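input18.tsv, holding TSV, C-alpha atoms and all ligand atoms:
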```
chain	number	residue	atom	x	y	z
A	42	MET	CA	-0.81	3.68	15.79
A	43	GLY	CA	0.63	1.02	13.53
A	44	GLY	CA	4.00	2.21	12.30
A	45	GLU	CA	5.79	5.34	11.16
A	46	ASP	CA	5.38	4.72	7.47
A	47	ILE	CA	1.64	4.04	7.87
A	48	GLU	CA	1.12	7.50	9.39
A	49	GLU	CA	3.26	9.25	6.80
A	50	PHE	CA	1.40	7.97	3.77
A	51	ILE	CA	-1.99	9.01	2.49
A	52	ASP	CA	-3.15	5.54	1.60
A	53	LEU	CA	-5.93	5.51	-0.97
A	54	ARG	CA	-5.48	1.96	-2.23
A	55	SER	CA	-8.49	0.60	-0.35
A	56	ASP	CA	-10.81	1.23	2.57
A	57	THR	CA	-9.31	-1.88	4.16
A	58	VAL	CA	-6.13	-0.04	5.20
A	59	THR	CA	-7.69	1.80	8.15
A	60	GLN	CA	-6.31	1.71	11.67
A	61	PRO	CA	-8.81	0.84	14.43
A	62	SER	CA	-10.15	3.75	16.49
A	63	GLN	CA	-9.17	4.21	20.14
A	64	GLU	CA	-12.66	3.04	21.13
A	65	MET	CA	-12.19	-0.17	19.13
A	66	ARG	CA	-8.83	-0.81	20.80
A	67	GLU	CA	-10.31	-0.29	24.25
A	68	ALA	CA	-13.27	-2.54	23.45
A	69	MET	CA	-10.86	-5.30	22.40
A	70	TYR	CA	-8.99	-5.01	25.65
A	71	LYS	CA	-12.11	-5.11	27.78
A	72	ALA	CA	-14.10	-7.73	25.85
A	73	VAL	CA	-15.84	-10.46	27.81
A	74	VAL	CA	-14.97	-13.73	26.05
A	75	GLY	CA	-15.72	-17.44	26.14
A	76	ASP	CA	-15.46	-20.53	23.95
A	77	ASP	CA	-17.36	-19.54	20.83
A	78	ILE	CA	-17.58	-23.06	19.40
A	79	MET	CA	-19.46	-23.96	22.57
A	80	GLY	CA	-21.64	-20.87	22.03
A	81	GLU	CA	-20.19	-19.20	25.12
A	82	ASP	CA	-18.64	-16.03	23.79
A	83	SER	CA	-21.12	-13.33	24.74
A	84	THR	CA	-19.34	-10.63	22.73
A	85	VAL	CA	-19.49	-12.67	19.52
A	86	ARG	CA	-23.16	-13.43	20.29
A	87	GLU	CA	-23.85	-9.71	20.82
A	88	LEU	CA	-22.27	-8.83	17.46
A	89	GLU	CA	-24.25	-11.57	15.69
A	90	ILE	CA	-27.57	-10.56	17.25
A	91	MET	CA	-26.91	-6.89	16.59
A	92	SER	CA	-25.98	-7.60	12.95
A	93	ALA	CA	-29.06	-9.74	12.33
A	94	ASP	CA	-31.20	-7.00	13.81
A	95	ILE	CA	-29.62	-4.26	11.66
A	96	LEU	CA	-30.17	-6.36	8.53
A	97	GLY	CA	-33.66	-7.53	9.47
A	98	LYS	CA	-32.61	-11.18	9.22
A	99	GLU	CA	-33.33	-13.96	11.73
A	100	ALA	CA	-29.72	-14.89	12.43
A	101	ALA	CA	-26.13	-13.94	11.73
A	102	LEU	CA	-22.71	-15.56	11.84
A	103	PHE	CA	-19.39	-13.85	12.60
A	104	VAL	CA	-16.80	-14.98	10.06
A	105	THR	CA	-13.14	-14.26	9.42
A	106	SER	CA	-13.49	-12.31	6.19
A	107	GLY	CA	-15.81	-11.33	3.39
A	108	THR	CA	-14.29	-14.12	1.34
A	109	MET	CA	-15.12	-16.68	4.01
A	110	GLY	CA	-18.67	-15.30	4.32
A	111	ASN	CA	-19.23	-15.50	0.57
A	112	GLN	CA	-17.86	-19.02	0.26
A	113	ILE	CA	-19.74	-20.36	3.29
A	114	ALA	CA	-22.92	-18.89	1.77
A	115	VAL	CA	-22.30	-20.72	-1.51
A	116	MET	CA	-21.46	-23.99	0.27
A	117	THR	CA	-24.58	-23.68	2.38
A	118	LEU	CA	-26.95	-22.89	-0.48
A	119	THR	CA	-25.71	-25.24	-3.21
A	120	ASN	CA	-24.82	-28.84	-3.94
A	121	ARG	CA	-21.71	-30.13	-5.69
A	122	GLY	CA	-21.79	-29.67	-9.45
A	123	GLU	CA	-24.56	-27.09	-9.56
A	124	GLU	CA	-24.32	-23.74	-11.29
A	125	VAL	CA	-24.08	-20.30	-9.77
A	126	ILE	CA	-24.70	-17.10	-11.74
A	127	VAL	CA	-22.16	-14.40	-10.86
A	128	GLY	CA	-21.15	-10.97	-12.14
A	129	ASN	CA	-18.12	-11.24	-14.43
A	130	THR	CA	-16.26	-8.59	-12.43
A	131	SER	CA	-17.53	-9.72	-9.04
A	132	HIS	CA	-15.21	-10.36	-6.12
A	133	ILE	CA	-16.62	-13.84	-5.56
A	134	TYR	CA	-15.71	-14.83	-9.13
A	135	ASN	CA	-12.39	-13.01	-9.55
A	136	LEU	CA	-10.68	-12.52	-6.23
A	137	GLU	CA	-11.42	-15.51	-4.03
A	138	VAL	CA	-8.70	-17.81	-5.34
A	139	GLY	CA	-11.08	-20.00	-7.32
A	140	ALA	CA	-12.92	-21.06	-4.16
A	141	LEU	CA	-16.22	-21.51	-6.02
A	142	ALA	CA	-14.55	-24.39	-7.84
A	143	ALA	CA	-11.94	-25.46	-5.32
A	144	LEU	CA	-14.01	-25.38	-2.13
A	145	CYS	CA	-17.68	-25.14	-3.09
A	146	GLN	CA	-17.40	-27.44	-6.11
A	147	VAL	CA	-19.85	-25.43	-8.16
A	148	GLN	CA	-19.60	-24.07	-11.66
A	149	ALA	CA	-19.71	-20.31	-12.13
A	150	ARG	CA	-21.72	-18.82	-14.99
A	151	PRO	CA	-20.61	-15.21	-15.30
A	152	MET	CA	-22.56	-12.32	-16.78
A	153	GLU	CA	-21.72	-8.68	-17.45
A	154	VAL	CA	-23.17	-6.15	-15.03
A	155	PRO	CA	-22.64	-2.80	-16.76
A	156	ASN	CA	-22.66	0.12	-14.31
A	157	GLY	CA	-23.90	-2.19	-11.56
A	158	VAL	CA	-27.23	-3.04	-13.22
A	159	TYR	CA	-28.24	-6.67	-13.80
A	160	ASP	CA	-29.97	-7.36	-17.13
A	161	ILE	CA	-32.86	-9.53	-16.00
A	162	LYS	CA	-33.61	-10.94	-19.48
A	163	LYS	CA	-29.97	-11.93	-19.96
A	164	MET	CA	-29.89	-13.44	-16.49
A	165	GLU	CA	-33.02	-15.44	-17.22
A	166	GLY	CA	-31.31	-16.79	-20.33
A	167	LEU	CA	-28.42	-18.09	-18.22
A	168	ILE	CA	-30.58	-20.18	-15.91
A	169	GLN	CA	-30.03	-23.90	-16.48
A	170	GLU	CA	-32.76	-26.42	-15.87
A	171	LYS	CA	-31.59	-29.79	-14.61
A	172	GLY	CA	-31.09	-32.07	-17.61
A	173	ILE	CA	-29.18	-35.16	-18.65
A	174	GLN	CA	-26.31	-32.99	-19.90
A	175	ASN	CA	-26.41	-29.90	-17.79
A	176	ALA	CA	-25.99	-28.68	-14.27
A	177	LYS	CA	-28.92	-27.02	-12.56
A	178	THR	CA	-28.63	-23.35	-11.55
A	179	SER	CA	-29.22	-23.21	-7.84
A	180	LEU	CA	-27.87	-19.82	-6.79
A	181	ILE	CA	-27.45	-16.25	-8.02
A	182	CYS	CA	-24.71	-14.21	-6.37
A	183	ILE	CA	-25.19	-10.48	-6.59
A	184	GLU	CA	-22.94	-7.70	-5.34
A	185	ASN	CA	-23.90	-4.31	-3.91
A	186	THR	CA	-22.03	-2.01	-4.07
A	187	ASN	CA	-21.00	-3.47	-7.36
A	188	ASN	CA	-18.14	-3.91	-9.75
A	189	LEU	CA	-14.49	-4.29	-9.17
A	190	ASN	CA	-12.90	-0.89	-8.57
A	191	ALA	CA	-16.11	1.07	-9.05
A	192	GLY	CA	-18.48	0.97	-6.07
A	193	TYR	CA	-21.73	1.38	-8.00
A	194	VAL	CA	-25.01	1.21	-6.15
A	195	VAL	CA	-27.34	-1.41	-7.64
A	196	PRO	CA	-30.81	0.18	-7.99
A	197	LEU	CA	-33.28	-1.29	-5.50
A	198	ASP	CA	-35.84	-2.31	-8.13
A	199	ASN	CA	-33.07	-4.08	-10.05
A	200	LEU	CA	-32.07	-6.03	-6.94
A	201	ASN	CA	-35.71	-6.94	-6.33
A	202	ASN	CA	-36.15	-7.99	-9.95
A	203	VAL	CA	-33.18	-10.36	-9.61
A	204	CYS	CA	-34.73	-11.83	-6.46
A	205	ASN	CA	-38.14	-12.19	-8.11
A	206	LEU	CA	-36.59	-13.95	-11.08
A	207	ALA	CA	-34.77	-16.28	-8.69
A	208	LYS	CA	-37.92	-17.04	-6.72
A	209	ARG	CA	-39.91	-17.83	-9.89
A	210	ASN	CA	-37.21	-20.33	-10.82
A	211	ASN	CA	-36.64	-21.86	-7.38
A	212	ILE	CA	-33.19	-20.37	-7.15
A	213	LEU	CA	-31.64	-18.84	-4.03
A	214	VAL	CA	-29.87	-15.47	-3.87
A	215	HIS	CA	-26.70	-14.52	-2.01
A	216	LEU	CA	-25.87	-10.83	-1.74
A	217	ASP	CA	-22.20	-9.92	-1.40
A	218	GLY	CA	-22.76	-6.73	0.54
A	219	ALA	CA	-19.15	-6.20	1.58
A	220	ARG	CA	-19.97	-2.49	1.21
A	221	VAL	CA	-23.74	-2.65	1.63
A	222	PHE	CA	-23.65	0.24	4.11
A	223	ASN	CA	-22.11	2.39	1.38
A	224	ALA	CA	-25.12	1.42	-0.75
A	225	GLN	CA	-27.45	2.35	2.13
A	226	VAL	CA	-25.85	5.78	2.54
A	227	ALA	CA	-25.61	6.57	-1.17
A	228	SER	CA	-29.14	5.46	-2.05
A	229	LYS	CA	-30.72	6.67	1.22
A	230	THR	CA	-32.42	3.28	1.38
A	231	PRO	CA	-32.48	1.40	4.70
A	232	VAL	CA	-30.17	-1.58	4.58
A	233	LYS	CA	-33.09	-3.82	5.60
A	234	GLU	CA	-34.84	-2.89	2.34
A	235	ILE	CA	-31.70	-3.53	0.28
A	236	VAL	CA	-31.17	-7.04	1.66
A	237	LYS	CA	-34.82	-8.01	2.23
A	238	ASN	CA	-35.26	-10.43	-0.64
A	239	ALA	CA	-31.82	-12.06	-0.56
A	240	ASP	CA	-31.57	-15.43	1.20
A	241	THR	CA	-28.15	-14.59	2.58
A	242	VAL	CA	-26.16	-11.40	2.85
A	243	MET	CA	-22.54	-10.83	3.76
A	244	PHE	CA	-21.13	-7.50	4.91
A	245	ALA	CA	-17.56	-6.64	5.83
A	246	LEU	CA	-16.63	-5.01	9.11
A	247	THR	CA	-13.21	-4.11	7.74
A	248	LYS	CA	-14.03	-1.75	4.89
A	249	GLY	CA	-15.94	1.53	5.42
A	250	LEU	CA	-16.76	0.41	8.97
A	251	ALA	CA	-13.01	0.41	9.68
A	252	ALA	CA	-12.90	-2.52	12.11
A	253	PRO	CA	-9.67	-4.54	12.13
A	254	PHE	CA	-11.26	-7.93	11.56
A	255	GLY	CA	-14.20	-9.91	10.29
A	256	ALA	CA	-17.41	-10.03	8.36
A	257	ILE	CA	-20.98	-11.09	8.97
A	258	LEU	CA	-23.14	-13.60	7.09
A	259	ALA	CA	-26.87	-13.36	7.77
A	260	GLY	CA	-30.01	-15.21	6.73
A	261	ASN	CA	-32.80	-17.27	8.25
A	262	LYS	CA	-32.15	-19.48	11.29
A	263	ASP	CA	-31.88	-22.74	9.35
A	264	ILE	CA	-29.50	-21.34	6.78
A	265	ILE	CA	-27.26	-19.78	9.42
A	266	ALA	CA	-27.26	-22.98	11.50
A	267	LYS	CA	-25.99	-24.85	8.43
A	268	ALA	CA	-23.54	-22.04	7.67
A	269	ARG	CA	-22.15	-22.27	11.22
A	270	TRP	CA	-21.47	-25.94	10.61
A	271	MET	CA	-19.78	-25.17	7.27
A	272	LYS	CA	-17.63	-22.56	8.99
A	273	GLN	CA	-16.53	-25.15	11.53
A	274	ARG	CA	-15.71	-27.58	8.74
A	275	MET	CA	-13.43	-24.98	7.16
A	276	GLY	CA	-11.50	-24.65	10.40
A	277	GLY	CA	-13.27	-21.38	11.13
A	278	GLY	CA	-14.45	-22.36	14.59
A	279	TYR	CA	-13.44	-19.69	17.08
A	280	ARG	CA	-12.58	-19.92	20.74
A	281	GLN	CA	-12.24	-16.61	22.64
A	282	ALA	CA	-13.12	-14.51	19.58
A	283	GLY	CA	-14.88	-11.77	21.52
A	284	PHE	CA	-11.60	-9.85	21.28
A	285	LEU	CA	-12.13	-9.76	17.52
A	286	ALA	CA	-15.88	-9.17	17.65
A	287	ALA	CA	-15.69	-6.26	20.10
A	288	PRO	CA	-14.30	-3.71	17.60
A	289	GLY	CA	-16.99	-4.86	15.15
A	290	ILE	CA	-19.65	-3.81	17.65
A	291	VAL	CA	-17.97	-0.43	18.04
A	292	ALA	CA	-17.76	-0.16	14.24
A	293	LEU	CA	-21.50	-0.72	13.83
A	294	ASN	CA	-22.25	1.75	16.62
A	295	THR	CA	-19.92	4.53	15.49
A	296	MET	CA	-18.79	4.28	11.88
A	297	LEU	CA	-21.91	4.77	9.77
A	298	PRO	CA	-21.56	8.59	9.81
A	299	GLN	CA	-17.99	8.12	8.53
A	300	ILE	CA	-19.29	6.44	5.39
A	301	GLU	CA	-21.27	9.56	4.53
A	302	ILE	CA	-18.08	11.60	4.99
A	303	ASP	CA	-16.15	9.14	2.79
A	304	HIS	CA	-18.66	9.63	-0.02
A	305	LYS	CA	-18.41	13.43	0.24
A	306	HIS	CA	-14.64	13.12	0.21
A	307	ALA	CA	-14.71	10.89	-2.87
A	308	LEU	CA	-16.69	13.55	-4.72
A	309	ILE	CA	-14.39	16.38	-3.64
A	310	LEU	CA	-11.38	14.35	-4.74
A	311	GLY	CA	-13.02	13.22	-7.98
A	312	LYS	CA	-14.06	16.74	-8.92
A	313	GLY	CA	-10.59	18.08	-8.12
A	314	LEU	CA	-8.93	15.40	-10.23
A	315	ALA	CA	-11.37	15.85	-13.11
A	316	LYS	CA	-10.19	19.46	-13.49
A	317	ILE	CA	-6.58	18.40	-14.10
A	318	ASN	CA	-5.70	18.54	-17.79
A	319	GLY	CA	-5.17	15.12	-19.29
A	320	LEU	CA	-6.46	13.15	-16.31
A	321	LYS	CA	-9.75	11.36	-16.94
A	322	VAL	CA	-12.18	10.95	-14.05
A	323	GLU	CA	-15.90	10.50	-14.66
A	324	ILE	CA	-17.77	12.10	-11.80
A	325	SER	CA	-21.04	10.33	-12.69
A	326	LYS	CA	-19.29	7.03	-11.94
A	327	ILE	CA	-18.48	7.98	-8.36
A	328	HIS	CA	-21.48	6.55	-6.52
A	329	THR	CA	-19.79	5.84	-3.19
A	330	ASN	CA	-16.19	5.98	-1.92
A	331	ILE	CA	-14.33	4.64	-4.95
A	332	ILE	CA	-12.81	6.80	-7.68
A	333	SER	CA	-11.31	5.42	-10.88
A	334	GLY	CA	-9.07	7.52	-13.07
A	335	SER	CA	-7.19	7.15	-16.32
A	336	ILE	CA	-3.87	8.62	-17.43
A	337	GLU	CA	-4.23	7.46	-21.04
A	338	ASP	CA	-3.98	11.05	-22.37
A	339	LEU	CA	-0.88	11.87	-20.35
A	340	PRO	CA	2.71	11.35	-21.59
A	341	THR	CA	3.58	8.87	-18.84
A	342	THR	CA	3.02	5.27	-17.80
A	343	ILE	CA	0.82	4.12	-14.96
A	344	ASP	CA	3.79	2.73	-13.04
A	345	CYS	CA	5.69	6.00	-13.38
A	346	PHE	CA	2.60	7.99	-12.31
A	347	ILE	CA	2.00	5.78	-9.28
A	348	GLY	CA	5.71	5.80	-8.44
A	349	LYS	CA	5.78	9.62	-8.43
A	350	LEU	CA	2.75	9.70	-6.17
A	351	MET	CA	4.46	7.26	-3.85
A	352	GLN	CA	7.47	9.58	-3.65
A	353	LYS	CA	5.07	12.28	-2.49
A	354	GLY	CA	3.70	10.00	0.23
A	355	ILE	CA	0.52	8.96	-1.59
A	356	LYS	CA	-0.48	5.37	-2.31
A	357	VAL	CA	-3.02	4.53	-5.04
A	358	LYS	CA	-3.89	1.21	-6.63
A	359	ARG	CA	-2.98	0.34	-10.20
A	360	ILE	CA	-5.96	-1.12	-12.06
A	361	SER	CA	-4.69	-1.45	-15.62
A	362	GLU	CA	-2.01	-0.20	-18.02
A	363	VAL	CA	-3.63	3.23	-17.92
A	364	SER	CA	-5.89	3.38	-14.91
A	365	PHE	CA	-5.76	3.66	-11.13
A	366	ARG	CA	-8.16	3.60	-8.22
A	367	MET	CA	-8.50	5.70	-5.09
A	368	VAL	CA	-10.74	4.85	-2.15
A	369	THR	CA	-11.69	7.25	0.63
A	370	HIS	CA	-12.02	6.01	4.22
A	371	TYR	CA	-11.69	6.76	7.92
A	372	GLY	CA	-7.96	7.38	7.59
A	373	VAL	CA	-8.39	10.10	4.95
A	374	GLY	CA	-9.23	13.61	6.13
A	375	GLU	CA	-10.41	16.55	4.02
A	376	SER	CA	-6.97	18.21	4.02
A	377	HIS	CA	-5.50	15.00	2.54
A	378	LEU	CA	-7.78	15.38	-0.48
A	379	TYR	CA	-6.35	18.79	-1.36
A	380	GLU	CA	-2.84	17.46	-0.78
A	381	VAL	CA	-3.51	14.66	-3.27
A	382	ILE	CA	-5.01	17.02	-5.84
A	383	ARG	CA	-2.02	19.39	-5.51
A	384	ALA	CA	0.43	16.52	-5.77
A	385	ILE	CA	-1.16	15.26	-8.98
A	386	GLU	CA	-1.30	18.77	-10.44
A	387	ASP	CA	2.45	19.05	-9.78
A	388	ILE	CA	3.14	15.65	-11.35
A	389	VAL	CA	1.09	16.47	-14.44
A	390	ASP	CA	2.73	19.93	-14.76
A	391	SER	CA	6.15	18.31	-14.66
A	392	LEU	CA	5.47	15.84	-17.50
A	401	LIG	C1	-17.24	-6.84	-3.04
A	401	LIG	C2	-16.31	-7.59	-2.14
A	401	LIG	N1	-16.66	-8.80	-1.70
A	401	LIG	C3	-15.88	-9.52	-0.89
A	401	LIG	C4	-14.67	-9.03	-0.47
A	401	LIG	C5	-13.80	-9.91	0.39
A	401	LIG	O1	-13.60	-9.40	1.67
A	401	LIG	P1	-12.32	-9.87	2.51
A	401	LIG	O2	-11.17	-9.05	2.00
A	401	LIG	O3	-12.71	-9.51	3.92
A	401	LIG	O4	-12.15	-11.31	2.31
A	401	LIG	C6	-14.23	-7.78	-0.91
A	401	LIG	C7	-12.92	-7.26	-0.49
A	401	LIG	O5	-12.42	-6.28	-0.97
A	401	LIG	C8	-15.08	-7.04	-1.77
A	401	LIG	O6	-14.70	-5.85	-2.25
```
Take the structure in the file and write it out as structure tokens.
Amino acid sequence: MGGEDIEEFIDLRSDTVTQPSQEMREAMYKAVVGDDIMGEDSTVRELEIMSADILGKEAALFVTSGTMGNQIAVMTLTNRGEEVIVGNTSHIYNLEVGALAALCQVQARPMEVPNGVYDIKKMEGLIQEKGIQNAKTSLICIENTNNLNAGYVVPLDNLNNVCNLAKRNNILVHLDGARVFNAQVASKTPVKEIVKNADTVMFALTKGLAAPFGAILAGNKDIIAKARWMKQRMGGGYRQAGFLAAPGIVALNTMLPQIEIDHKHALILGKGLAKINGLKVEISKIHTNIISGSIEDLPTTIDCFIGKLMQKGIKVKRISEVSFRMVTHYGVGESHLYEVIRAIEDIVDSL
């Protein structure tokens, strides 16, 4: 395993902090590799074909990260100076270092997405026709699961309504599905149905699927051929990348049941926390593996609260002056949940 301190902590900051399973480590060691730029890495190819098949898309591309997958999608589907509609709390808009502007050279038009539901009328109002003074809207980027620090599942009919609106207006749709398998599990809807009407979809191998590296971008053959070229342009051409793709294959084969466990754990943890006097956790907002809580009614500060948790070996993420986030994942067992609840009860009792 990684290091002593990693094992000692219960790390709830994100589902990206997982250690790879033994099977993933062995698959990395044994991977058959080749020059991927020349199309000769059979392990990368296997992961791409498998991913396309799972998503019901014609083709898929193995990329470095969710960020790279999102940005390659935008570059592939837009032209310089066009507009892209995005959620105002979306990852693509907030947490990708301004790449929409800096790399893709498009203009973002953000909209609110309360509780992970897109208001179709409002979205329609944001669409720009090409005119002498304005930039044409060419892409809508949606996110499922949705919303920074929340993990809401976007209802299927809402997703389809966004795609229908886009189609009527000759606009393409990219789905940031970094956690789309969490959406599949929570909504009991096959992932193929969730992504069916999006032109491109990205999912991360490194979140609930617990692989150490990478993400997948999928779409039709033409789009993915262009995306592969964009990836190369960004310096994302791989050589013997089968070592990195191999744990992704194991992740897709073995980790889906873990996501179901993560969701159960999030509910156990959320319900336990909601019972603590002064701590605010809304159970109805826990759709998947992400729990948000507020300490606004407690006589402490968020930094002090998080610091005390840290002293007890528990890491959580600060979201605002009064709120924090916890995310369940492969590295969090059921006994950890009760440990966290007890630790917070003790902290609150001592205030
Ligand atoms: C919704 C969403 N999209 C994209 C990403 C980016 O993924 P990566 O960290 O692999 O770049 C994240 C990462 O947390 C995410 O939550």
Nearest-residue call for Gly75 in chain A, choices A:Val195, A:Ala286, A:Leu246, A:Ile257, using only C-alpha atoms:
A:Ala286
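Here CA of Ala68 in chain A and CA of Val226 in chain A stand 25.8 Å from one another.
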One-decimal distance in Å that lies between CA of Pro253 in chain A and CA of Ala72 in chain A
14.8 Å
Each residue of chain A lying at most 9 Å from ligand LIG 401 (chain A) should get a row with its shortest atom-to-atom pair and the distance in Å to one decimal, counting all atoms listed in the file; could you produce that, ordered by chain and increasing number, as JSON lines?
```
{"residue": "A:Ser55", "atom": "CA", "partner": "A:LIG401", "partner_atom": "O5", "distance": 7.9}
{"residue": "A:Asp56", "atom": "CA", "partner": "A:LIG401", "partner_atom": "O5", "distance": 8.5}
{"residue": "A:Thr57", "atom": "CA", "partner": "A:LIG401", "partner_atom": "O5", "distance": 7.4}
{"residue": "A:Thr105", "atom": "CA", "partner": "A:LIG401", "partner_atom": "O3", "distance": 7.3}
{"residue": "A:Ser106", "atom": "CA", "partner": "A:LIG401", "partner_atom": "O3", "distance": 3.7}
{"residue": "A:Gly107", "atom": "CA", "partner": "A:LIG401", "partner_atom": "O1", "distance": 3.4}
{"residue": "A:Thr108", "atom": "CA", "partner": "A:LIG401", "partner_atom": "O4", "distance": 3.7}
{"residue": "A:Met109", "atom": "CA", "partner": "A:LIG401", "partner_atom": "O4", "distance": 6.4}
{"residue": "A:Gly110", "atom": "CA", "partner": "A:LIG401", "partner_atom": "O4", "distance": 7.9}
{"residue": "A:Asn111", "atom": "CA", "partner": "A:LIG401", "partner_atom": "C3", "distance": 7.0}
{"residue": "A:Ser131", "atom": "CA", "partner": "A:LIG401", "partner_atom": "C1", "distance": 6.7}
{"residue": "A:His132", "atom": "CA", "partner": "A:LIG401", "partner_atom": "N1", "distance": 4.9}
{"residue": "A:Ile133", "atom": "CA", "partner": "A:LIG401", "partner_atom": "N1", "distance": 6.3}
{"residue": "A:Leu136", "atom": "CA", "partner": "A:LIG401", "partner_atom": "C5", "distance": 7.8}
{"residue": "A:Glu137", "atom": "CA", "partner": "A:LIG401", "partner_atom": "C5", "distance": 7.5}
{"residue": "A:Glu184", "atom": "CA", "partner": "A:LIG401", "partner_atom": "C1", "distance": 6.2}
{"residue": "A:Asn185", "atom": "CA", "partner": "A:LIG401", "partner_atom": "C1", "distance": 7.2}
{"residue": "A:Thr186", "atom": "CA", "partner": "A:LIG401", "partner_atom": "C1", "distance": 6.9}
{"residue": "A:Asn187", "atom": "CA", "partner": "A:LIG401", "partner_atom": "C1", "distance": 6.6}
{"residue": "A:Asn188", "atom": "CA", "partner": "A:LIG401", "partner_atom": "C1", "distance": 7.4}
{"residue": "A:Leu189", "atom": "CA", "partner": "A:LIG401", "partner_atom": "O6", "distance": 7.1}
{"residue": "A:Asn190", "atom": "CA", "partner": "A:LIG401", "partner_atom": "O6", "distance": 8.2}
{"residue": "A:Gly192", "atom": "CA", "partner": "A:LIG401", "partner_atom": "C1", "distance": 8.5}
{"residue": "A:Asp217", "atom": "CA", "partner": "A:LIG401", "partner_atom": "N1", "distance": 5.7}
{"residue": "A:Gly218", "atom": "CA", "partner": "A:LIG401", "partner_atom": "C1", "distance": 6.6}
{"residue": "A:Ala219", "atom": "CA", "partner": "A:LIG401", "partner_atom": "N1", "distance": 4.9}
{"residue": "A:Arg220", "atom": "CA", "partner": "A:LIG401", "partner_atom": "C1", "distance": 6.7}
{"residue": "A:Met243", "atom": "CA", "partner": "A:LIG401", "partner_atom": "C3", "distance": 8.2}
{"residue": "A:Phe244", "atom": "CA", "partner": "A:LIG401", "partner_atom": "C3", "distance": 8.1}
{"residue": "A:Ala245", "atom": "CA", "partner": "A:LIG401", "partner_atom": "O3", "distance": 6.0}
{"residue": "A:Leu246", "atom": "CA", "partner": "A:LIG401", "partner_atom": "O3", "distance": 7.9}
{"residue": "A:Thr247", "atom": "CA", "partner": "A:LIG401", "partner_atom": "O3", "distance": 6.6}
{"residue": "A:Lys248", "atom": "CA", "partner": "A:LIG401", "partner_atom": "O5", "distance": 7.6}
{"residue": "A:Phe254", "atom": "CA", "partner": "A:LIG401", "partner_atom": "O3", "distance": 7.9}
{"residue": "A:Gly255", "atom": "CA", "partner": "A:LIG401", "partner_atom": "O3", "distance": 6.6}
{"residue": "A:Ala256", "atom": "CA", "partner": "A:LIG401", "partner_atom": "O3", "distance": 6.5}
```
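Minimum atom-to-atom distances from A:Leu167, A:Val85, A:Ile212, A:Leu180 to Gly122 in chain A were compared using only C-alpha atoms, and the lowest value belongs to A:Leu180.
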What separation in Å, quoted to one decimal, exists between CA of Val125 in chain A and CA of Gln169 in chain A?
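Distance between the two atoms: 9.7 Å.
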Point out the residue among A:Ile347, A:Leu216, A:Val381, A:Ala191 with the least atom-to-atom distance to His306 in chain A, counting all atoms listed in the file.
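Counting all atoms listed in the file, the residue closest to His306 in chain A is A:Val381.
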Neighbour residues at most 10 Å from (-12.3, -4.8, 24.9) (all atoms listed in the file) as a ChimeraX atom specification:
/A:64-74,84,283-288,291
Non-local contacts of range 230-233 of chain A (6 Å; all atoms listed in the file; under 4 positions in same chain excluded) as number ranges by chain:
A: 96-97, 225, 237
Excluding Met91 in chain A and any residue of its chain fewer than 6 positions from it, enumerate the residues within 10 Å of it, using only C-alpha atoms, and give them as a list of chain:residue names.
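These residues fall inside the cut-off: A:Val85, A:Gly97, A:Ala100, A:Ala101, A:Ile290, A:Leu293, A:Asn294.
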Would you save the residues of that selection, restricted to C-alpha atoms, as a PDB file, keeping the file's coordinate frame?
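The file below, again07.pdb, is the result:
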```pdb
ATOM      1  CA  VAL A  85     -19.490 -12.670  19.520  1.00  0.00           C
ATOM      2  CA  GLY A  97     -33.660  -7.530   9.470  1.00  0.00           C
ATOM      3  CA  ALA A 100     -29.720 -14.890  12.430  1.00  0.00           C
ATOM      4  CA  ALA A 101     -26.130 -13.940  11.730  1.00  0.00           C
ATOM      5  CA  ILE A 290     -19.650  -3.810  17.650  1.00  0.00           C
ATOM      6  CA  LEU A 293     -21.500  -0.720  13.830  1.00  0.00           C
ATOM      7  CA  ASN A 294     -22.250   1.750  16.620  1.00  0.00           C
TER       8      ASN A 294
END
```
For Glu99 in chain A, work out the shell of residues within 8 Å, counting all atoms listed in the file and skipping chain neighbours fewer than 2 positions away, then give it as a list in words.
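Here the qualifying residues turn out to be Ala93, Asp94, Gly97, Ala101, Ala259, Gly260, Asn261 and Lys262 of chain A.
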Counting all atoms listed in the file, the option among A:Ile78, A:Val58, A:Val389, A:Val138 closest to Gln281 in chain A
A:Ile78
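The residue set within 8 Å of Gly249 in chain A, counting all atoms listed in the file and dropping same-chain residues fewer than 4 places from it, reads Asp56, Thr57, Arg220, Phe222, Asn223, Met296, Gln299, Ile300, His370 and Tyr371 of chain A.
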Residues from the last selection, C-alpha atoms, saved as a compact mmCIF listing (two decimals), keeping the file's coordinate frame:
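again16.txt was written with the following content:
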```txt
# COMPACT_ATOMS: atom_id res chain seq x y z
CA ASP A 56 -10.81 1.23 2.57
CA THR A 57 -9.31 -1.88 4.16
CA ARG A 220 -19.97 -2.49 1.21
CA PHE A 222 -23.65 0.24 4.11
CA ASN A 223 -22.11 2.39 1.38
CA MET A 296 -18.79 4.28 11.88
CA GLN A 299 -17.99 8.12 8.53
CA ILE A 300 -19.29 6.44 5.39
CA HIS A 370 -12.02 6.01 4.22
CA TYR A 371 -11.69 6.76 7.92
```
First collect every listed atom of range 101-116 of chain A; then fit an axis-aligned box around them, widen it by 4 Å on each side, and give centre and edge lengths in Å to one decimal, as lines of an AutoDock Vina configuration file.
```
center_x = -19.6
center_y = -17.7
center_z = 5.5
size_x = 21.0
size_y = 20.7
size_z = 22.1
```
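Of the listed residues (A:Met164, A:Leu53, A:Val115, A:Met367), A:Val115 comes nearest to Ala142 in chain A; the distances count only C-alpha atoms.
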